[in-house]
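S.K.: For reference, the structure I am asking about is given below.
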2 protein chains.
Amino acid sequence: MERTTARAAVKPLRADARRNRDQLLAAAIALLPQKGSQLSLEAVARRAGVSIATLYRHFPTREALILAVHHQEMTSLADEAGELAATLPAEQALQRWLHRLGRYGSTRPGLGDAFRTAALTGEELLEETYQVTVQALDLLIAGAAAAGHARPDVRGGDVLLALCGVWDLPDTPASRAQTDRVVGLLLDGLATLPGSSSRETGEAPTGSYLPPR
Amino acid sequence: MERTTARAAVKPLRADARRNRDQLLAAAIALLPQKGSQLSLEAVARRAGVSIATLYRHFPTREALILAVHHQEMTSLADEAGELAATLPAEQALQRWLHRLGRYGSTRPGLGDAFRTAALTGEELLEETYQVTVQALDLLIAGAAAAGHARPDVRGGDVLLALCGVWDLPDTPASRAQTDRVVGLLLDGLATLPGSSSRETGEAPTGSYLPPR
DNA sequence: GCCTTAAACGTAGGCCCCTCCGTTTCACTC
DNA sequence: GAGTGAAACGGAGGGGCCTACGTTTAAGGC
């Protein structure tokens, strides 16, 4: 697992750039909880004491900024996935972590939007925070599949996109319950192996094409 | 089923208003396929030959416009749900229709975004097109649950939100396959009854609170 | 300590979003 | 067919998005 691929090759930032980047992140962290994914980028720049152009130089898109804010937390959440996989039966590891991910995302305004956009703009760009999350999911799914407790044909990206659909909702008891229901639904779907599935009787998709990677 | 609730009570529009509304819809239909959910509302207004204020008067939000564009098609898709429920075993009806919905949404740029926003802004406003879809899903799920082929604790809105997360992707073979995988995942999750579920061993959510409605 | 240069910066401007407010137009009555 | 009120309309403006382009500044060599 080399999730920090091609990271030693980056030049260190110039001092002023480093400082501005940190101030932008701090400003975004302060404004995100209230404004969610529709925070004003100009407001972030103002609060950081830099121009809007500087913000765009460091974070070329809104989603890049939001994902950068969550990068550290998401990375350590992904590390937990590795630990769970090492210490628990594969099935439980997957269950625990997916519940954790569900809770995490539903209390982070804007994260769902950012993940969706990251998935959309093509995984080519290896949007880092997104990739870290998908890889953690892939790891857990592969583990459970190897133990015969999950189907192998579903990808981490599939589960993530389905899950983060409910993250946009405001954080209320009702939407927390909804997140739990969706997590449970996805887990049960994952645990249904081909053969015991009821899917064969439905209108079959035209082909079971699986994209590379 | 009275999905056209409180519809006879609305006054007919004035002639000019009716005309402008139609022209706005036509313009949106023409622009949506290329631009998706980020089409320029000013461009829609220009193409329709009206001012931007008129657009906002008819469609107070971007999502209202997009959902209005899809209203007719979504309504007839929802009608098909009723027909399937009447002519097929409940389980198959659910499967067929969900696959159909998956395909439909993934070829309608902007629809996923609009549904997510409709869910977010509170179902109080009974955003019509959204409600029609959720009700169709609820109907099918209830039917399958009554036959013992679906769990009763999952709501149409849950499934819809999870599904439309993948709709934003551009329409490629890869993303069509992804939509199929997610639909399959959700169907299998729905078909897993409490008791046969593997969920009990995981980290349990704090409560099984179910919101009213 | 100066010089150089690539890196980083801010200003300005075009476009879009959305709303306020004064004006126009339809529909209905007499 | 003129009058009237409510409904619908457009212009204008403040603010955010994003980029082009000219200016400033940090970092390393001498």
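A note on labels: chains of the structure tokens are A, B, ... as shown, every chain counts residues from 1, and ligands are counted from 1 in their shown order.
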Taking only C-alpha atoms into account, find every residue of chain B that has an atom no more than 6 Å from chain A, and write it out as a PyMOL selection string.

M.R.: chain B and resi 92+95-96+120+161-163+165+169+174+185-186+188-189+202-203+211

S.K.: Please superimpose chain A on chain B using every C-alpha atom, paired by order, in a least-squares fit, and write the moved chain as a PDB file with C-alpha atoms, in the first residue's frame.

M.R.:
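Output (out37.pdb):
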```pdb
ATOM      1  CA  MET A   1     -52.535   7.059  -4.270  1.00  0.00           C
ATOM      2  CA  GLU A   2     -53.206  10.717  -4.723  1.00  0.00           C
ATOM      3  CA  ARG A   3     -50.055  12.070  -6.160  1.00  0.00           C
ATOM      4  CA  THR A   4     -51.679  15.108  -7.696  1.00  0.00           C
ATOM      5  CA  THR A   5     -52.758  16.353  -4.310  1.00  0.00           C
ATOM      6  CA  ALA A   6     -53.907  19.950  -4.136  1.00  0.00           C
ATOM      7  CA  ARG A   7     -53.557  20.428  -7.840  1.00  0.00           C
ATOM      8  CA  ALA A   8     -57.064  21.316  -8.868  1.00  0.00           C
ATOM      9  CA  ALA A   9     -56.854  24.334  -6.587  1.00  0.00           C
ATOM     10  CA  VAL A  10     -54.237  26.184  -8.624  1.00  0.00           C
ATOM     11  CA  LYS A  11     -55.392  29.074 -10.785  1.00  0.00           C
ATOM     12  CA  PRO A  12     -54.674  28.813 -14.475  1.00  0.00           C
ATOM     13  CA  LEU A  13     -51.769  30.978 -15.500  1.00  0.00           C
ATOM     14  CA  ARG A  14     -52.241  34.173 -17.436  1.00  0.00           C
ATOM     15  CA  ALA A  15     -51.637  33.747 -21.141  1.00  0.00           C
ATOM     16  CA  ASP A  16     -48.280  35.505 -21.241  1.00  0.00           C
ATOM     17  CA  ALA A  17     -47.087  33.684 -18.156  1.00  0.00           C
ATOM     18  CA  ARG A  18     -48.076  30.348 -19.623  1.00  0.00           C
ATOM     19  CA  ARG A  19     -46.252  31.156 -22.853  1.00  0.00           C
ATOM     20  CA  ASN A  20     -43.093  32.278 -21.102  1.00  0.00           C
ATOM     21  CA  ARG A  21     -43.095  29.246 -18.861  1.00  0.00           C
ATOM     22  CA  ASP A  22     -43.300  26.940 -21.860  1.00  0.00           C
ATOM     23  CA  GLN A  23     -40.522  28.776 -23.640  1.00  0.00           C
ATOM     24  CA  LEU A  24     -38.334  28.555 -20.552  1.00  0.00           C
ATOM     25  CA  LEU A  25     -38.897  24.828 -20.305  1.00  0.00           C
ATOM     26  CA  ALA A  26     -38.131  24.388 -23.994  1.00  0.00           C
ATOM     27  CA  ALA A  27     -34.924  26.356 -23.601  1.00  0.00           C
ATOM     28  CA  ALA A  28     -33.918  24.324 -20.573  1.00  0.00           C
ATOM     29  CA  ILE A  29     -34.615  21.079 -22.406  1.00  0.00           C
ATOM     30  CA  ALA A  30     -32.383  22.233 -25.218  1.00  0.00           C
ATOM     31  CA  LEU A  31     -29.512  23.247 -22.958  1.00  0.00           C
ATOM     32  CA  LEU A  32     -29.618  20.602 -20.244  1.00  0.00           C
ATOM     33  CA  PRO A  33     -28.085  17.699 -22.173  1.00  0.00           C
ATOM     34  CA  GLN A  34     -24.879  19.603 -22.849  1.00  0.00           C
ATOM     35  CA  LYS A  35     -24.519  21.612 -19.678  1.00  0.00           C
ATOM     36  CA  GLY A  36     -25.993  19.300 -17.099  1.00  0.00           C
ATOM     37  CA  SER A  37     -26.892  20.747 -13.770  1.00  0.00           C
ATOM     38  CA  GLN A  38     -24.531  23.652 -14.186  1.00  0.00           C
ATOM     39  CA  LEU A  39     -26.279  25.171 -17.124  1.00  0.00           C
ATOM     40  CA  SER A  40     -26.377  28.939 -17.067  1.00  0.00           C
ATOM     41  CA  LEU A  41     -29.782  30.166 -16.000  1.00  0.00           C
ATOM     42  CA  GLU A  42     -29.157  33.430 -17.802  1.00  0.00           C
ATOM     43  CA  ALA A  43     -28.511  31.471 -20.968  1.00  0.00           C
ATOM     44  CA  VAL A  44     -31.819  29.690 -20.516  1.00  0.00           C
ATOM     45  CA  ALA A  45     -33.604  32.995 -20.059  1.00  0.00           C
ATOM     46  CA  ARG A  46     -31.873  34.496 -23.093  1.00  0.00           C
ATOM     47  CA  ARG A  47     -32.763  31.542 -25.253  1.00  0.00           C
ATOM     48  CA  ALA A  48     -36.354  31.753 -24.087  1.00  0.00           C
ATOM     49  CA  GLY A  49     -36.427  35.449 -24.872  1.00  0.00           C
ATOM     50  CA  VAL A  50     -37.312  36.559 -21.380  1.00  0.00           C
ATOM     51  CA  SER A  51     -35.472  38.249 -18.553  1.00  0.00           C
ATOM     52  CA  ILE A  52     -33.712  36.390 -15.803  1.00  0.00           C
ATOM     53  CA  ALA A  53     -36.247  37.664 -13.294  1.00  0.00           C
ATOM     54  CA  THR A  54     -39.026  35.954 -15.195  1.00  0.00           C
ATOM     55  CA  LEU A  55     -37.159  32.703 -15.037  1.00  0.00           C
ATOM     56  CA  TYR A  56     -36.857  33.003 -11.274  1.00  0.00           C
ATOM     57  CA  ARG A  57     -40.511  33.859 -10.970  1.00  0.00           C
ATOM     58  CA  HIS A  58     -41.488  30.589 -12.614  1.00  0.00           C
ATOM     59  CA  PHE A  59     -38.728  28.430 -11.171  1.00  0.00           C
ATOM     60  CA  PRO A  60     -37.475  29.774  -7.870  1.00  0.00           C
ATOM     61  CA  THR A  61     -34.415  27.533  -7.840  1.00  0.00           C
ATOM     62  CA  ARG A  62     -32.216  25.809 -10.345  1.00  0.00           C
ATOM     63  CA  GLU A  63     -33.474  22.467  -9.102  1.00  0.00           C
ATOM     64  CA  ALA A  64     -37.091  23.459  -9.552  1.00  0.00           C
ATOM     65  CA  LEU A  65     -36.364  24.139 -13.211  1.00  0.00           C
ATOM     66  CA  ILE A  66     -34.528  20.886 -13.717  1.00  0.00           C
ATOM     67  CA  LEU A  67     -37.172  18.832 -11.972  1.00  0.00           C
ATOM     68  CA  ALA A  68     -39.883  20.554 -13.989  1.00  0.00           C
ATOM     69  CA  VAL A  69     -38.094  19.497 -17.150  1.00  0.00           C
ATOM     70  CA  HIS A  70     -38.183  15.887 -16.002  1.00  0.00           C
ATOM     71  CA  HIS A  71     -41.572  15.951 -14.395  1.00  0.00           C
ATOM     72  CA  GLN A  72     -43.557  14.380 -17.193  1.00  0.00           C
ATOM     73  CA  GLU A  73     -41.106  11.565 -17.877  1.00  0.00           C
ATOM     74  CA  MET A  74     -40.636  10.836 -14.197  1.00  0.00           C
ATOM     75  CA  THR A  75     -44.361  10.718 -13.657  1.00  0.00           C
ATOM     76  CA  SER A  76     -44.864   8.184 -16.379  1.00  0.00           C
ATOM     77  CA  LEU A  77     -41.938   6.184 -15.060  1.00  0.00           C
ATOM     78  CA  ALA A  78     -43.681   6.203 -11.708  1.00  0.00           C
ATOM     79  CA  ASP A  79     -46.858   5.016 -13.373  1.00  0.00           C
ATOM     80  CA  GLU A  80     -44.933   2.069 -14.756  1.00  0.00           C
ATOM     81  CA  ALA A  81     -44.085   1.190 -11.178  1.00  0.00           C
ATOM     82  CA  GLY A  82     -47.770   0.827 -10.468  1.00  0.00           C
ATOM     83  CA  GLU A  83     -48.237  -1.370 -13.518  1.00  0.00           C
ATOM     84  CA  LEU A  84     -45.298  -3.572 -12.639  1.00  0.00           C
ATOM     85  CA  ALA A  85     -46.579  -3.944  -9.113  1.00  0.00           C
ATOM     86  CA  ALA A  86     -49.939  -5.042 -10.487  1.00  0.00           C
ATOM     87  CA  THR A  87     -48.654  -7.575 -13.000  1.00  0.00           C
ATOM     88  CA  LEU A  88     -45.482  -9.074 -11.572  1.00  0.00           C
ATOM     89  CA  PRO A  89     -44.445 -10.742  -8.345  1.00  0.00           C
ATOM     90  CA  ALA A  90     -43.542  -7.966  -5.965  1.00  0.00           C
ATOM     91  CA  GLU A  91     -39.890  -8.901  -5.889  1.00  0.00           C
ATOM     92  CA  GLN A  92     -39.457  -8.776  -9.640  1.00  0.00           C
ATOM     93  CA  ALA A  93     -41.431  -5.571  -9.919  1.00  0.00           C
ATOM     94  CA  LEU A  94     -39.021  -3.882  -7.546  1.00  0.00           C
ATOM     95  CA  GLN A  95     -35.998  -5.241  -9.357  1.00  0.00           C
ATOM     96  CA  ARG A  96     -37.149  -4.284 -12.803  1.00  0.00           C
ATOM     97  CA  TRP A  97     -38.170  -0.818 -11.848  1.00  0.00           C
ATOM     98  CA  LEU A  98     -35.038  -0.001  -9.898  1.00  0.00           C
ATOM     99  CA  HIS A  99     -32.899  -1.026 -12.844  1.00  0.00           C
ATOM    100  CA  ARG A 100     -35.052   1.156 -15.042  1.00  0.00           C
ATOM    101  CA  LEU A 101     -34.706   4.084 -12.668  1.00  0.00           C
ATOM    102  CA  GLY A 102     -30.950   3.600 -12.545  1.00  0.00           C
ATOM    103  CA  ARG A 103     -30.679   3.767 -16.294  1.00  0.00           C
ATOM    104  CA  TYR A 104     -33.039   6.674 -16.556  1.00  0.00           C
ATOM    105  CA  GLY A 105     -31.198   8.849 -14.093  1.00  0.00           C
ATOM    106  CA  SER A 106     -27.753   8.125 -15.393  1.00  0.00           C
ATOM    107  CA  THR A 107     -28.700   9.535 -18.778  1.00  0.00           C
ATOM    108  CA  ARG A 108     -30.253  12.723 -17.434  1.00  0.00           C
ATOM    109  CA  PRO A 109     -27.567  15.221 -16.523  1.00  0.00           C
ATOM    110  CA  GLY A 110     -28.443  17.230 -13.473  1.00  0.00           C
ATOM    111  CA  LEU A 111     -31.174  14.979 -12.187  1.00  0.00           C
ATOM    112  CA  GLY A 112     -29.118  13.523  -9.361  1.00  0.00           C
ATOM    113  CA  ASP A 113     -28.156  16.954  -8.126  1.00  0.00           C
ATOM    114  CA  ALA A 114     -31.757  18.095  -8.278  1.00  0.00           C
ATOM    115  CA  PHE A 115     -33.006  15.088  -6.327  1.00  0.00           C
ATOM    116  CA  ARG A 116     -30.381  15.535  -3.678  1.00  0.00           C
ATOM    117  CA  THR A 117     -31.285  19.166  -3.237  1.00  0.00           C
ATOM    118  CA  ALA A 118     -34.973  18.328  -3.155  1.00  0.00           C
ATOM    119  CA  ALA A 119     -34.322  15.843  -0.365  1.00  0.00           C
ATOM    120  CA  LEU A 120     -32.208  18.361   1.472  1.00  0.00           C
ATOM    121  CA  THR A 121     -34.527  21.340   1.405  1.00  0.00           C
ATOM    122  CA  GLY A 122     -37.012  19.363   3.407  1.00  0.00           C
ATOM    123  CA  GLU A 123     -39.750  17.227   2.086  1.00  0.00           C
ATOM    124  CA  GLU A 124     -42.150  19.755   3.547  1.00  0.00           C
ATOM    125  CA  LEU A 125     -42.184  21.699   0.338  1.00  0.00           C
ATOM    126  CA  LEU A 126     -43.299  18.531  -1.404  1.00  0.00           C
ATOM    127  CA  GLU A 127     -41.103  19.098  -4.390  1.00  0.00           C
ATOM    128  CA  GLU A 128     -43.416  17.328  -6.734  1.00  0.00           C
ATOM    129  CA  THR A 129     -41.201  15.323  -9.043  1.00  0.00           C
ATOM    130  CA  TYR A 130     -39.111  14.116  -6.157  1.00  0.00           C
ATOM    131  CA  GLN A 131     -42.130  13.007  -4.198  1.00  0.00           C
ATOM    132  CA  VAL A 132     -43.538  11.096  -7.148  1.00  0.00           C
ATOM    133  CA  THR A 133     -40.333   9.098  -7.396  1.00  0.00           C
ATOM    134  CA  VAL A 134     -40.056   8.392  -3.705  1.00  0.00           C
ATOM    135  CA  GLN A 135     -43.659   7.273  -3.562  1.00  0.00           C
ATOM    136  CA  ALA A 136     -43.169   4.866  -6.438  1.00  0.00           C
ATOM    137  CA  LEU A 137     -40.221   3.358  -4.619  1.00  0.00           C
ATOM    138  CA  ASP A 138     -42.135   3.166  -1.366  1.00  0.00           C
ATOM    139  CA  LEU A 139     -44.934   1.365  -3.130  1.00  0.00           C
ATOM    140  CA  LEU A 140     -42.643  -1.258  -4.622  1.00  0.00           C
ATOM    141  CA  ILE A 141     -40.695  -1.760  -1.425  1.00  0.00           C
ATOM    142  CA  ALA A 142     -43.884  -2.147   0.582  1.00  0.00           C
ATOM    143  CA  GLY A 143     -45.130  -4.728  -1.897  1.00  0.00           C
ATOM    144  CA  ALA A 144     -41.953  -6.751  -1.772  1.00  0.00           C
ATOM    145  CA  ALA A 145     -41.860  -6.479   2.004  1.00  0.00           C
ATOM    146  CA  ALA A 146     -45.412  -7.742   2.301  1.00  0.00           C
ATOM    147  CA  ALA A 147     -44.417 -10.772   0.248  1.00  0.00           C
ATOM    148  CA  GLY A 148     -41.467 -11.369   2.542  1.00  0.00           C
ATOM    149  CA  HIS A 149     -38.900 -10.448  -0.090  1.00  0.00           C
ATOM    150  CA  ALA A 150     -37.742  -7.116   1.225  1.00  0.00           C
ATOM    151  CA  ARG A 151     -37.116  -5.622   4.567  1.00  0.00           C
ATOM    152  CA  PRO A 152     -39.710  -3.089   5.601  1.00  0.00           C
ATOM    153  CA  ASP A 153     -37.438  -0.678   7.414  1.00  0.00           C
ATOM    154  CA  VAL A 154     -35.827   0.975   4.415  1.00  0.00           C
ATOM    155  CA  ARG A 155     -37.477   3.959   2.793  1.00  0.00           C
ATOM    156  CA  GLY A 156     -37.737   4.938  -0.818  1.00  0.00           C
ATOM    157  CA  GLY A 157     -35.871   8.134  -0.072  1.00  0.00           C
ATOM    158  CA  ASP A 158     -32.909   6.157   1.269  1.00  0.00           C
ATOM    159  CA  VAL A 159     -32.631   4.090  -1.887  1.00  0.00           C
ATOM    160  CA  LEU A 160     -33.073   7.085  -4.143  1.00  0.00           C
ATOM    161  CA  LEU A 161     -30.344   9.112  -2.453  1.00  0.00           C
ATOM    162  CA  ALA A 162     -27.939   6.205  -2.562  1.00  0.00           C
ATOM    163  CA  LEU A 163     -28.690   5.527  -6.187  1.00  0.00           C
ATOM    164  CA  CYS A 164     -28.454   9.020  -7.541  1.00  0.00           C
ATOM    165  CA  GLY A 165     -24.957   9.433  -6.200  1.00  0.00           C
ATOM    166  CA  VAL A 166     -23.653   7.708  -9.311  1.00  0.00           C
ATOM    167  CA  TRP A 167     -25.808   9.671 -11.721  1.00  0.00           C
ATOM    168  CA  ASP A 168     -23.436  12.581 -11.996  1.00  0.00           C
ATOM    169  CA  LEU A 169     -20.868  10.550 -13.835  1.00  0.00           C
ATOM    170  CA  PRO A 170     -20.620  11.135 -17.575  1.00  0.00           C
ATOM    171  CA  ASP A 171     -22.452   8.535 -19.611  1.00  0.00           C
ATOM    172  CA  THR A 172     -19.722   6.030 -20.464  1.00  0.00           C
ATOM    173  CA  PRO A 173     -19.736   2.234 -20.502  1.00  0.00           C
ATOM    174  CA  ALA A 174     -17.736   2.272 -17.278  1.00  0.00           C
ATOM    175  CA  SER A 175     -20.185   4.470 -15.420  1.00  0.00           C
ATOM    176  CA  ARG A 176     -23.144   2.573 -16.804  1.00  0.00           C
ATOM    177  CA  ALA A 177     -21.590  -0.574 -15.355  1.00  0.00           C
ATOM    178  CA  GLN A 178     -21.114   1.255 -12.091  1.00  0.00           C
ATOM    179  CA  THR A 179     -24.764   2.215 -11.996  1.00  0.00           C
ATOM    180  CA  ASP A 180     -25.710  -1.417 -12.552  1.00  0.00           C
ATOM    181  CA  ARG A 181     -23.457  -2.518  -9.728  1.00  0.00           C
ATOM    182  CA  VAL A 182     -24.979  -0.005  -7.345  1.00  0.00           C
ATOM    183  CA  VAL A 183     -28.508  -1.002  -8.330  1.00  0.00           C
ATOM    184  CA  GLY A 184     -27.632  -4.638  -7.726  1.00  0.00           C
ATOM    185  CA  LEU A 185     -26.060  -3.809  -4.412  1.00  0.00           C
ATOM    186  CA  LEU A 186     -29.123  -1.928  -3.266  1.00  0.00           C
ATOM    187  CA  LEU A 187     -31.464  -4.674  -4.416  1.00  0.00           C
ATOM    188  CA  ASP A 188     -29.510  -7.303  -2.549  1.00  0.00           C
ATOM    189  CA  GLY A 189     -29.442  -5.126   0.504  1.00  0.00           C
ATOM    190  CA  LEU A 190     -33.187  -4.682   0.276  1.00  0.00           C
ATOM    191  CA  ALA A 191     -33.686  -8.417  -0.097  1.00  0.00           C
ATOM    192  CA  THR A 192     -31.759  -9.211   3.073  1.00  0.00           C
ATOM    193  CA  LEU A 193     -34.274  -9.701   5.834  1.00  0.00           C
ATOM    194  CA  PRO A 194     -33.480  -8.985   9.456  1.00  0.00           C
ATOM    195  CA  GLY A 195     -32.328 -12.256  10.988  1.00  0.00           C
ATOM    196  CA  SER A 196     -30.487 -13.501   7.957  1.00  0.00           C
ATOM    197  CA  SER A 197     -28.527 -10.294   8.095  1.00  0.00           C
ATOM    198  CA  SER A 198     -24.924 -10.146   9.082  1.00  0.00           C
ATOM    199  CA  ARG A 199     -25.361  -6.698  10.488  1.00  0.00           C
ATOM    200  CA  GLU A 200     -25.822  -7.592  14.118  1.00  0.00           C
ATOM    201  CA  THR A 201     -22.167  -8.230  14.635  1.00  0.00           C
ATOM    202  CA  GLY A 202     -21.050  -4.799  13.490  1.00  0.00           C
ATOM    203  CA  GLU A 203     -20.841  -1.632  15.472  1.00  0.00           C
ATOM    204  CA  ALA A 204     -24.480  -0.994  16.092  1.00  0.00           C
ATOM    205  CA  PRO A 205     -25.940   2.420  15.390  1.00  0.00           C
ATOM    206  CA  THR A 206     -27.019   4.162  18.568  1.00  0.00           C
ATOM    207  CA  GLY A 207     -30.694   3.589  18.008  1.00  0.00           C
ATOM    208  CA  SER A 208     -33.107   2.332  15.422  1.00  0.00           C
ATOM    209  CA  TYR A 209     -35.046   5.557  15.423  1.00  0.00           C
ATOM    210  CA  LEU A 210     -37.325   5.888  12.456  1.00  0.00           C
ATOM    211  CA  PRO A 211     -38.620   9.336  11.567  1.00  0.00           C
ATOM    212  CA  PRO A 212     -42.342   9.855  10.959  1.00  0.00           C
ATOM    213  CA  ARG A 213     -43.657   9.501   7.390  1.00  0.00           C
TER     214      ARG A 213
END
```

S.K.: Please identify every residue of chain D that has at least one atom no farther than 9 Å from an atom of range 11-21 of chain C, counting only C-alpha atoms (C1' of nucleotides), and for each give the shortest atom pair and the distance in Å to one decimal, arranged by chain then increasing number, as JSON lines.

M.R.:
```
{"residue": "D:DG15", "atom": "C1'", "partner": "C:DC17", "partner_atom": "C1'", "distance": 8.6}
{"residue": "D:DG16", "atom": "C1'", "partner": "C:DC17", "partner_atom": "C1'", "distance": 7.8}
{"residue": "D:DC17", "atom": "C1'", "partner": "C:DC16", "partner_atom": "C1'", "distance": 7.8}
```

S.K.: For the contact check between chain D and chain A, emit one row per residue of chain D within 9 Å, containing the shortest atom pair and the distance in Å rounded to one decimal, counting only C-alpha atoms (C1' of nucleotides), chain then rising number order, as a tab-separated table.

M.R.:
```
residue	atom	partner	partner_atom	distance
D:DG16	C1'	A:Ser40	CA	7.0
D:DC17	C1'	A:Leu41	CA	8.4
D:DC18	C1'	A:Tyr56	CA	8.4
D:DT19	C1'	A:Ala53	CA	8.7
D:DT25	C1'	A:Asp16	CA	8.9
D:DA26	C1'	A:Arg14	CA	7.0
D:DA27	C1'	A:Arg14	CA	8.3
```

S.K.: Which chain C residues have any atom within 12 Å of an atom of chain A, and for each, what is the nearest pair of atoms with distance in Å to one decimal, counting only C-alpha atoms (C1' of nucleotides), rows sorted by chain and number, as JSON lines?

M.R.:
```
{"residue": "C:DA6", "atom": "C1'", "partner": "A:Arg14", "partner_atom": "CA", "distance": 11.1}
{"residue": "C:DA7", "atom": "C1'", "partner": "A:Arg14", "partner_atom": "CA", "distance": 7.7}
{"residue": "C:DA8", "atom": "C1'", "partner": "A:Ala17", "partner_atom": "CA", "distance": 6.7}
{"residue": "C:DC9", "atom": "C1'", "partner": "A:Thr54", "partner_atom": "CA", "distance": 7.0}
{"residue": "C:DG10", "atom": "C1'", "partner": "A:Ser51", "partner_atom": "CA", "distance": 6.2}
{"residue": "C:DT11", "atom": "C1'", "partner": "A:Ser51", "partner_atom": "CA", "distance": 9.2}
{"residue": "C:DA12", "atom": "C1'", "partner": "A:Ala53", "partner_atom": "CA", "distance": 11.5}
```

S.K.: Keeping C-alpha atoms (C1' of nucleotides) for every residue in the selection just given, could you write it to a file as a CSV table (one decimal), in the first residue's frame?

M.R.:
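Result saved to again-v6.csv:
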```
chain,number,residue,atom,x,y,z
C,6,DA,C1',11.5,31.6,-11.2
C,7,DA,C1',7.8,31.5,-8.1
C,8,DA,C1',4.2,33.7,-6.0
C,9,DC,C1',1.3,37.6,-5.7
C,10,DG,C1',-2.7,41.2,-6.4
C,11,DT,C1',-5.7,44.0,-9.6
C,12,DA,C1',-9.1,44.2,-12.7
```

S.K.: List every residue of range 45-135 of chain A that DSSP, applied to the backbone of this structure, places in helix (DSSP H, G or I), and write the result as a ChimeraX atom specification.

M.R.: /A:45-48,52-58,62-87,90-106,111-120,123-125,128-135
